$ cat query.txt   # compact mmCIF, C-alpha atoms
# COMPACT_ATOMS: atom_id res chain seq x y z
CA MET A 1 -53.23 -20.28 17.05
CA SER A 2 -50.17 -22.08 18.46
CA GLU A 3 -49.30 -23.44 15.03
CA VAL A 4 -49.47 -19.95 13.53
CA LEU A 5 -47.11 -18.63 16.18
CA VAL A 6 -44.63 -21.50 16.05
CA LYS A 7 -44.17 -21.98 12.31
CA PRO A 8 -42.62 -18.57 11.50
CA LEU A 9 -40.06 -19.09 14.25
CA ARG A 10 -38.66 -22.34 12.87
CA PRO A 11 -36.87 -20.87 9.82
CA VAL A 12 -35.39 -18.16 12.04
CA ARG A 13 -34.14 -20.68 14.60
CA SER A 14 -32.74 -23.04 11.96
CA ARG A 15 -30.98 -20.15 10.25
CA THR A 16 -29.49 -19.05 13.56
CA TYR A 17 -28.25 -22.56 14.29
CA LEU A 18 -26.80 -22.81 10.79
CA TRP A 19 -24.92 -19.52 11.16
CA ALA A 20 -23.62 -20.57 14.59
CA ALA A 21 -22.40 -23.91 13.26
CA GLY A 22 -20.76 -22.23 10.30
CA GLY A 23 -19.02 -19.74 12.56
CA VAL A 24 -17.67 -22.46 14.82
CA ALA A 25 -16.44 -24.42 11.79
CA LEU A 26 -14.63 -21.38 10.36
CA LEU A 27 -12.93 -20.73 13.71
CA ALA A 28 -11.77 -24.35 13.94
CA LEU A 29 -10.47 -24.75 10.37
CA PRO A 30 -6.90 -23.47 11.02
CA PHE A 31 -6.39 -26.37 13.41
CA TYR A 32 -7.12 -28.95 10.70
CA LEU A 33 -6.37 -27.54 7.24
CA ASP A 34 -2.98 -27.35 5.55
CA ARG A 35 -1.42 -24.18 4.21
CA PHE A 36 -2.87 -24.51 0.70
CA TRP A 37 -6.47 -24.52 1.89
CA LEU A 38 -5.88 -21.72 4.38
CA GLN A 39 -4.34 -19.52 1.71
CA ALA A 40 -7.19 -20.35 -0.66
CA GLY A 41 -9.64 -19.34 2.06
CA LEU A 42 -7.75 -16.10 2.67
CA PHE A 43 -7.85 -15.26 -1.04
CA ALA A 44 -11.60 -15.87 -0.94
CA MET A 45 -11.98 -13.58 2.10
CA ALA A 46 -10.03 -10.79 0.42
CA ALA A 47 -12.05 -11.26 -2.77
CA ALA A 48 -15.29 -11.18 -0.77
CA ILE A 49 -14.35 -7.85 0.87
CA GLY A 50 -13.60 -6.33 -2.52
CA ALA A 51 -16.74 -7.84 -4.03
CA ILE A 52 -18.91 -6.32 -1.29
CA GLY A 53 -17.46 -2.93 -2.19
CA ILE A 54 -18.13 -3.19 -5.92
CA ASN A 55 -21.58 -4.63 -5.22
CA LEU A 56 -22.45 -1.49 -3.28
CA LEU A 57 -21.36 0.52 -6.31
CA THR A 58 -22.60 -1.55 -9.24
CA GLY A 59 -25.24 -3.83 -7.75
CA ALA A 60 -26.96 -1.42 -5.36
CA THR A 61 -26.36 1.94 -7.06
CA GLY A 62 -26.08 0.94 -10.71
CA GLN A 63 -22.67 2.47 -11.37
CA LEU A 64 -20.61 0.27 -13.69
CA SER A 65 -16.98 0.20 -12.55
CA MET A 66 -14.19 -1.58 -14.39
CA GLY A 67 -11.43 0.01 -12.35
CA HIS A 68 -11.76 -1.93 -9.09
CA ALA A 69 -8.29 -3.44 -9.55
CA PHE A 70 -6.78 0.05 -9.40
CA PHE A 71 -8.07 0.64 -5.88
CA LEU A 72 -6.91 -2.79 -4.74
CA ALA A 73 -3.45 -1.83 -5.98
CA VAL A 74 -3.62 1.47 -4.10
CA GLY A 75 -4.39 -0.40 -0.89
CA ALA A 76 -1.70 -3.05 -1.41
CA TYR A 77 1.11 -0.70 -2.42
CA GLY A 78 -0.01 1.98 0.01
CA TYR A 79 0.42 -0.47 2.87
CA CYS A 80 3.92 -1.36 1.65
CA VAL A 81 4.97 2.27 1.40
CA PHE A 82 3.61 3.20 4.82
CA ALA A 83 4.86 0.08 6.63
CA ALA A 84 8.27 -0.58 5.02
CA ASP A 85 11.39 0.86 6.64
CA GLY A 86 13.23 1.52 3.36
CA GLY A 87 15.88 -1.09 4.03
CA ASP A 88 15.41 -2.60 0.57
CA GLY A 89 16.19 0.69 -1.16
CA LEU A 90 12.53 1.44 -1.87
CA THR A 91 10.44 4.22 -0.37
CA GLY A 92 9.15 3.36 3.09
CA LEU A 93 7.90 5.48 5.98
CA GLY A 94 8.38 2.84 8.68
CA LEU A 95 5.02 3.44 10.36
CA PRO A 96 3.43 0.86 12.67
CA THR A 97 1.90 -1.75 10.43
CA TRP A 98 -1.62 -1.48 11.87
CA LEU A 99 -1.50 2.28 11.20
CA ALA A 100 -0.12 1.62 7.72
CA ALA A 101 -3.09 -0.64 6.97
CA VAL A 102 -5.57 2.02 8.12
CA LEU A 103 -3.82 4.73 6.10
CA ALA A 104 -3.72 2.52 3.01
CA VAL A 105 -7.50 2.07 3.19
CA LEU A 106 -7.96 5.82 3.65
CA VAL A 107 -5.67 6.57 0.70
CA ALA A 108 -7.73 4.21 -1.47
CA GLY A 109 -10.85 6.08 -0.34
CA ALA A 110 -9.15 9.40 -1.12
CA ALA A 111 -8.31 8.12 -4.61
CA GLY A 112 -11.96 7.24 -5.05
CA GLY A 113 -12.88 10.70 -3.77
CA LEU A 114 -10.69 12.34 -6.40
CA PHE A 115 -12.50 10.34 -9.08
CA SER A 116 -15.96 10.79 -7.55
CA PRO A 117 -16.81 14.06 -9.40
CA ILE A 118 -16.49 12.06 -12.63
CA SER A 119 -18.44 9.12 -11.26
CA GLY A 120 -21.19 11.46 -10.12
CA ARG A 121 -21.72 12.77 -13.64
CA LEU A 122 -21.21 9.70 -15.82
CA SER A 123 -23.26 6.53 -15.99
CA GLY A 124 -23.47 3.26 -17.87
CA ALA A 125 -20.80 2.45 -20.43
CA TYR A 126 -19.30 5.94 -20.17
CA LEU A 127 -18.50 5.44 -16.50
CA GLY A 128 -17.18 1.94 -17.23
CA ILE A 129 -14.77 3.31 -19.85
CA ALA A 130 -13.66 6.12 -17.53
CA THR A 131 -12.92 3.69 -14.69
CA LEU A 132 -11.15 1.36 -17.11
CA ALA A 133 -8.67 4.19 -17.73
CA LEU A 134 -7.72 4.01 -14.04
CA VAL A 135 -6.42 0.47 -14.53
CA PHE A 136 -4.15 1.51 -17.39
CA ILE A 137 -2.90 4.52 -15.44
CA GLY A 138 -2.26 2.33 -12.42
CA GLN A 139 -0.38 -0.24 -14.51
CA HIS A 140 1.86 2.49 -15.95
CA VAL A 141 2.65 3.86 -12.49
CA MET A 142 3.28 0.42 -10.97
CA PHE A 143 5.72 -0.56 -13.71
CA ASN A 144 7.57 2.76 -13.84
CA ALA A 145 7.51 4.28 -10.34
CA HIS A 146 10.29 1.96 -9.19
CA ASP A 147 11.02 3.74 -5.92
CA LEU A 148 7.43 3.25 -4.78
CA THR A 149 6.41 -0.06 -6.33
CA GLY A 150 9.64 -1.89 -7.11
CA GLY A 151 8.76 -1.97 -10.81
CA ALA A 152 7.92 -5.21 -12.56
CA ASN A 153 9.48 -7.29 -9.77
CA GLY A 154 7.21 -5.75 -7.14
CA ARG A 155 8.18 -5.34 -3.52
CA ASP A 156 8.09 -7.33 -0.31
CA VAL A 157 5.18 -6.82 2.09
CA PRO A 158 6.03 -6.18 5.76
CA PRO A 159 4.11 -8.54 8.07
CA LEU A 160 1.29 -7.06 10.11
CA SER A 161 1.86 -6.55 13.82
CA LEU A 162 -1.07 -6.00 16.16
CA PHE A 163 -1.24 -6.10 19.96
CA GLY A 164 2.24 -7.61 20.12
CA LEU A 165 1.38 -10.42 17.69
CA THR A 166 3.24 -10.52 14.37
CA PHE A 167 1.43 -12.20 11.49
CA ASP A 168 4.49 -13.88 9.98
CA ASP A 169 5.76 -17.43 9.54
CA ARG A 170 7.38 -17.64 12.95
CA GLU A 171 5.45 -20.48 14.50
CA LEU A 172 3.25 -19.96 17.53
CA LEU A 173 1.91 -23.04 19.28
CA VAL A 174 -1.83 -22.95 19.95
CA ALA A 175 -3.28 -26.13 21.48
CA ALA A 176 -0.18 -27.97 20.27
CA VAL A 177 -0.82 -26.80 16.68
CA PRO A 178 1.88 -24.62 15.04
CA PHE A 179 0.38 -21.36 13.81
CA GLY A 180 2.22 -19.62 10.97
CA ALA A 181 1.28 -16.58 8.91
CA ALA A 182 -1.69 -18.26 7.20
CA GLU A 183 -3.24 -19.45 10.47
CA LYS A 184 -2.83 -16.05 12.12
CA LEU A 185 -4.14 -14.12 9.13
CA TRP A 186 -7.14 -16.45 8.94
CA TYR A 187 -8.69 -14.90 12.03
CA ALA A 188 -7.78 -11.36 10.96
CA GLY A 189 -9.48 -12.04 7.63
CA LEU A 190 -12.59 -13.39 9.32
CA VAL A 191 -12.88 -10.30 11.50
CA LEU A 192 -12.40 -7.92 8.56
CA LEU A 193 -14.88 -9.80 6.36
CA ALA A 194 -17.51 -9.99 9.11
CA ALA A 195 -17.13 -6.29 9.92
CA GLY A 196 -17.27 -5.30 6.26
CA ALA A 197 -20.31 -7.47 5.58
CA LEU A 198 -22.24 -6.21 8.62
CA PHE A 199 -21.47 -2.58 7.79
CA ALA A 200 -22.54 -3.00 4.17
CA ARG A 201 -25.69 -4.81 5.24
CA GLY A 202 -26.54 -1.95 7.58
CA VAL A 203 -25.99 0.57 4.79
CA LEU A 204 -28.23 -1.33 2.37
CA ARG A 205 -31.03 -1.78 4.92
CA GLY A 206 -31.02 1.86 6.02
CA ARG A 207 -31.93 5.11 4.32
CA PRO A 208 -28.69 5.21 2.28
CA GLY A 209 -29.53 1.82 0.84
CA ARG A 210 -33.02 2.92 -0.18
CA ALA A 211 -31.56 6.01 -1.82
CA MET A 212 -28.96 3.89 -3.64
CA ASN A 213 -31.65 1.52 -4.96
CA ALA A 214 -33.77 4.47 -6.09
CA ILE A 215 -30.80 5.87 -8.01
CA ARG A 216 -30.17 2.48 -9.61
CA ASP A 217 -33.78 1.97 -10.64
CA HIS A 218 -34.47 5.50 -11.94
CA ARG A 219 -31.96 8.25 -11.44
CA ILE A 220 -34.19 11.10 -12.61
CA ALA A 221 -37.13 9.99 -10.48
CA ALA A 222 -34.84 9.71 -7.45
CA GLY A 223 -33.72 13.29 -7.97
CA VAL A 224 -37.32 14.48 -8.25
CA LEU A 225 -38.08 12.75 -4.94
CA GLY A 226 -35.33 14.75 -3.25
CA VAL A 227 -32.45 12.26 -3.30
CA PRO A 228 -29.12 14.10 -3.81
CA VAL A 229 -28.06 11.82 -6.66
CA ALA A 230 -24.57 13.19 -7.36
CA ARG A 231 -23.65 13.26 -3.66
CA HIS A 232 -24.84 9.70 -3.03
CA ARG A 233 -23.09 8.35 -6.10
CA ALA A 234 -19.85 10.05 -5.11
CA ALA A 235 -20.10 8.78 -1.53
CA VAL A 236 -20.74 5.21 -2.66
CA PHE A 237 -17.74 5.40 -4.98
CA VAL A 238 -15.53 6.45 -2.06
CA LEU A 239 -16.93 3.67 0.14
CA SER A 240 -16.43 1.08 -2.60
CA SER A 241 -12.83 2.28 -3.05
CA MET A 242 -12.17 1.83 0.66
CA TYR A 243 -13.48 -1.74 0.54
CA ALA A 244 -11.16 -2.37 -2.40
CA GLY A 245 -8.24 -0.84 -0.51
CA LEU A 246 -8.92 -3.11 2.47
CA ALA A 247 -9.05 -6.14 0.15
CA GLY A 248 -5.76 -5.04 -1.38
CA VAL A 249 -4.09 -4.84 2.04
CA LEU A 250 -5.27 -8.33 2.95
CA LEU A 251 -4.16 -9.72 -0.42
CA ALA A 252 -0.72 -8.17 0.03
CA LEU A 253 -0.37 -9.72 3.48
CA VAL A 254 -1.33 -13.15 2.10
CA PHE A 255 0.88 -12.97 -1.00
CA GLN A 256 3.75 -11.41 1.00
CA ARG A 257 4.79 -9.68 -2.23
CA THR A 258 3.01 -7.23 -4.54
CA VAL A 259 3.48 -7.48 -8.30
CA PRO A 260 1.91 -5.14 -10.91
CA ASP A 261 0.74 -7.92 -13.21
CA TYR A 262 -1.86 -9.07 -10.69
CA PHE A 263 -3.71 -5.74 -10.61
CA GLY A 264 -4.77 -5.66 -14.25
CA ILE A 265 -7.99 -5.54 -16.21
CA THR A 266 -8.52 -9.27 -15.68
CA LEU A 267 -8.90 -8.72 -11.94
CA SER A 268 -11.53 -6.02 -12.49
CA LEU A 269 -13.49 -8.32 -14.78
CA GLU A 270 -13.30 -11.09 -12.19
CA TYR A 271 -14.90 -8.82 -9.61
CA LEU A 272 -17.74 -8.02 -11.98
CA ALA A 273 -18.19 -11.76 -12.53
CA MET A 274 -18.32 -12.29 -8.76
CA ILE A 275 -21.24 -9.96 -8.16
CA VAL A 276 -23.18 -11.13 -11.22
CA ILE A 277 -22.82 -14.81 -10.30
CA GLY A 278 -23.53 -14.27 -6.60
CA GLY A 279 -26.31 -11.73 -6.94
CA LEU A 280 -26.33 -7.99 -7.64
CA GLY A 281 -27.12 -5.76 -4.69
CA SER A 282 -26.71 -8.52 -2.10
CA VAL A 283 -23.95 -8.78 0.50
CA SER A 284 -24.30 -12.54 0.76
CA GLY A 285 -24.34 -12.71 -3.04
CA ALA A 286 -21.04 -10.84 -3.21
CA VAL A 287 -19.49 -13.29 -0.76
CA ALA A 288 -20.85 -16.34 -2.60
CA GLY A 289 -19.66 -15.07 -5.97
CA ALA A 290 -16.25 -14.20 -4.58
CA VAL A 291 -15.82 -17.67 -3.11
CA PHE A 292 -16.79 -19.28 -6.42
CA VAL A 293 -14.58 -17.16 -8.67
CA SER A 294 -11.53 -17.03 -6.38
CA LEU A 295 -11.49 -20.72 -5.43
CA LEU A 296 -12.19 -22.15 -8.88
CA PRO A 297 -8.71 -21.59 -10.42
CA GLN A 298 -6.98 -22.83 -7.28
CA LEU A 299 -9.06 -26.01 -7.18
CA LEU A 300 -8.41 -26.64 -10.87
CA THR A 301 -4.69 -26.17 -10.28
CA ARG A 302 -4.72 -28.47 -7.27
CA TYR A 303 -6.58 -31.28 -9.04
CA SER A 304 -5.48 -30.70 -12.65
CA ASP A 305 -3.97 -34.19 -12.87
CA ALA A 306 -7.33 -35.80 -12.14
CA LEU A 307 -9.45 -33.58 -14.42
CA PRO A 308 -9.95 -34.19 -18.14
CA LEU A 309 -8.66 -31.54 -20.58
CA VAL A 310 -7.04 -29.57 -17.72
CA SER A 311 -3.27 -29.75 -17.34
CA ALA A 312 -0.23 -27.64 -16.61
CA PRO A 313 0.65 -24.96 -19.22
CA GLY A 314 2.65 -26.32 -22.15
CA THR A 315 1.53 -29.94 -21.74
CA GLY A 316 -1.18 -29.96 -24.40
CA GLY A 317 -4.28 -29.33 -22.26
CA ILE A 318 -6.07 -26.25 -21.03
CA ALA A 319 -4.23 -24.39 -18.28
CA PRO A 320 -6.14 -24.19 -14.97
CA GLY A 321 -6.31 -20.40 -15.14
CA GLU A 322 -7.81 -20.46 -18.63
CA ALA A 323 -10.22 -23.24 -17.72
CA SER A 324 -11.46 -21.29 -14.72
CA ARG A 325 -12.15 -18.24 -16.89
CA TYR A 326 -14.13 -20.36 -19.33
CA LEU A 327 -16.16 -21.82 -16.48
CA TYR A 328 -17.08 -18.64 -14.66
CA GLY A 329 -17.62 -16.90 -17.99
CA ALA A 330 -20.18 -19.59 -18.77
CA ALA A 331 -21.57 -19.17 -15.26
CA VAL A 332 -22.12 -15.45 -15.90
CA VAL A 333 -24.06 -16.21 -19.09
CA LEU A 334 -26.21 -18.84 -17.37
CA VAL A 335 -26.94 -16.57 -14.41
CA VAL A 336 -27.92 -13.65 -16.64
CA LEU A 337 -30.22 -15.87 -18.73
CA PHE A 338 -31.80 -18.07 -16.07
CA LEU A 339 -31.01 -16.71 -12.58
CA PRO A 340 -31.30 -12.89 -12.67
CA GLY A 341 -31.05 -12.72 -8.89
CA GLY A 342 -27.80 -14.74 -8.84
CA LEU A 343 -27.04 -17.83 -6.81
CA VAL A 344 -28.24 -16.28 -3.57
CA GLY A 345 -31.49 -15.09 -5.12
CA ALA A 346 -32.16 -18.54 -6.53
CA ALA A 347 -31.46 -20.18 -3.17
CA ALA A 348 -33.78 -17.75 -1.39
CA ARG A 349 -36.64 -18.35 -3.82
CA ARG A 350 -36.20 -22.09 -3.54
CA HIS A 351 -36.20 -22.32 0.26
CA VAL A 352 -38.41 -19.51 1.49
CA GLY A 353 -39.91 -17.97 -1.63
CA PRO A 354 -39.67 -14.30 -2.58
CA ARG A 355 -40.22 -11.84 0.22
CA SER A 356 -42.92 -9.28 -0.22
CA GLY A 357 -41.52 -6.02 -1.50
CA GLU A 358 -38.03 -7.45 -2.13
CA ILE A 359 -36.94 -7.26 -5.75
CA HIS A 360 -33.54 -8.30 -7.06
CA PRO A 361 -31.98 -6.42 -9.96
CA GLY A 362 -33.04 -8.00 -13.24
CA GLU A 363 -36.36 -9.32 -11.91
CA GLU A 364 -39.70 -7.96 -13.05
CA ARG A 365 -41.68 -5.76 -10.75
$ encode --input "query.txt" --output "structure tokens"
Amino acid sequence: MSEVLVKPLRPVRSRTYLWAAGGVALLALPFYLDRFWLQAGLFAMAAAIGAIGINLLTGATGQLSMGHAFFLAVGAYGYCVFAADGGDGLTGLGLPTWLAAVLAVLVAGAAGGLFSPISGRLSGAYLGIATLALVFIGQHVMFNAHDLTGGANGRDVPPLSLFGLTFDDRELLVAAVPFGAAEKLWYAGLVLLAAGALFARGVLRGRPGRAMNAIRDHRIAAGVLGVPVARHRAAVFVLSSMYAGLAGVLLALVFQRTVPDYFGITLSLEYLAMIVIGGLGSVSGAVAGAVFVSLLPQLLTRYSDALPLVSAPGTGGIAPGEASRYLYGAAVVLVVLFLPGGLVGAAARRHVGPRSGEIHPGEER
């Protein structure tokens, strides 16, 4: 009897210890890492927030979206417009930066709400094509609405200020370690990612999550069972847009400048790759896929001199950016063929086996 009672507790305890150790390590990293690694980690955090949003939409609800980059751009440029004071000749409302960040996320959600009647009626490739149009519309606006976006040159991003602390490069000594913008934003990114992940996990484990999965698995049957399909699909689209807006704000703060070229179709495809590689319908899968896809090009750039066939553009080899696309493109194919539950699903089956009643998208019932 004692063995039966003790054994189920061990995986729970070990998992708790592992999460605690990981949390402590993440909190301590700014004291030891240089700026490159901190910025790489911040890009991964922003990507993970956006990937959680599109995973709620595509992975959990089955709505294919290729316009995620548009909503990231709305968040990034919306923050600039609300927070800037107009001193650079561009439109700026001069609002407190924390309020500007909140409003930018809400504007991204409002943009998703305006598109939600379409998303509630289309599905599959038709919805993907419709959302793809958003990227082209956004690119046209970003390049031509100079007063708002700064045109092709983009615009500077005002640093975030919160509780009297400004997240800029003015150094702040903490335990004799100089903290600049990257170190300060590291903790803001951790808080935003943790909050976004916990909220999404709560949504997926509650009644909304069950309704979303029912819509993904069989839309008509879900409607027969009383699930308001159009309303749920529209609500998830708005929620996903808000996650993308939050990711766009964090990206803008890390880059310190927004440029239209970044928010193109390639970015939307990268987010789809993130959730496929990590695991559709899983919050941890979205984070894992985002870390893989966002860090890969930066690592290849950092160590291009030591890697075969990879070199700087124009030197005869494959550019790091191109090499990274080849690699995570191959990863998508391998995951689809051999790991339908993604990296997280494969890890779960290997260590604890499949849970009763838990089915990942792409697996047989």
$ closest_residue --input "query.txt" --among "A:Leu246, A:Ala306, A:Ala100, A:Leu269" --to "Arg325 of chain A" --atoms "only C-alpha atoms"
A:Leu269
$ closest_residue --input "query.txt" --among "A:Leu309, A:Ala234, A:Ala46, A:Leu38" --to "Ala182 of chain A" --atoms "all atoms listed in the file"
A:Leu38
$ closest_residue --input "query.txt" --among "A:Val236, A:Gly59, A:Lys184, A:Ala111" --to "Leu172 of chain A" --atoms "only C-alpha atoms"
A:Lys184
$ closest_atom_pairs --input "query.txt" --of "segment 300-333 of chain A" --to "segment 273-277 of chain A" --cutoff "8 Å" --atoms "only C-alpha atoms" --output "JSON lines"
{"residue": "A:Tyr328", "atom": "CA", "partner": "A:Ala273", "partner_atom": "CA", "distance": 7.3}
{"residue": "A:Gly329", "atom": "CA", "partner": "A:Ala273", "partner_atom": "CA", "distance": 7.5}
{"residue": "A:Ala331", "atom": "CA", "partner": "A:Ile277", "partner_atom": "CA", "distance": 6.7}
{"residue": "A:Val332", "atom": "CA", "partner": "A:Ile277", "partner_atom": "CA", "distance": 5.7}
$ residues_around --input "query.txt" --residues "segment 127-133 of chain A" --least-positions-apart "6" --cutoff "10 Å" --atoms "all atoms listed in the file" --output "ChimeraX atom specification"
/A:63-70,115,118-121,139,264-265,268
$ atom_distance --input "query.txt" --atom1 "atom CA of Val177 of chain A" --atom2 "atom CA of Ala252 of chain A"
25.0 Å
$ closest_residue --input "query.txt" --among "A:Leu239, A:Ala221, A:Gly23, A:Arg170" --to "Phe71 of chain A" --atoms "only C-alpha atoms"
A:Leu239
$ atom_distance --input "query.txt" --atom1 "atom CA of Thr258 of chain A" --atom2 "atom CA of Ser284 of chain A"
28.3 Å
$ closest_residue --input "query.txt" --among "A:Leu327, A:Val229, A:Ala76, A:Val107" --to "Pro297 of chain A" --atoms "only C-alpha atoms"
A:Leu327
$ closest_residue --input "query.txt" --among "A:Phe255, A:Leu193, A:Leu296, A:Tyr326" --to "Ala51 of chain A" --atoms "only C-alpha atoms"
A:Leu193
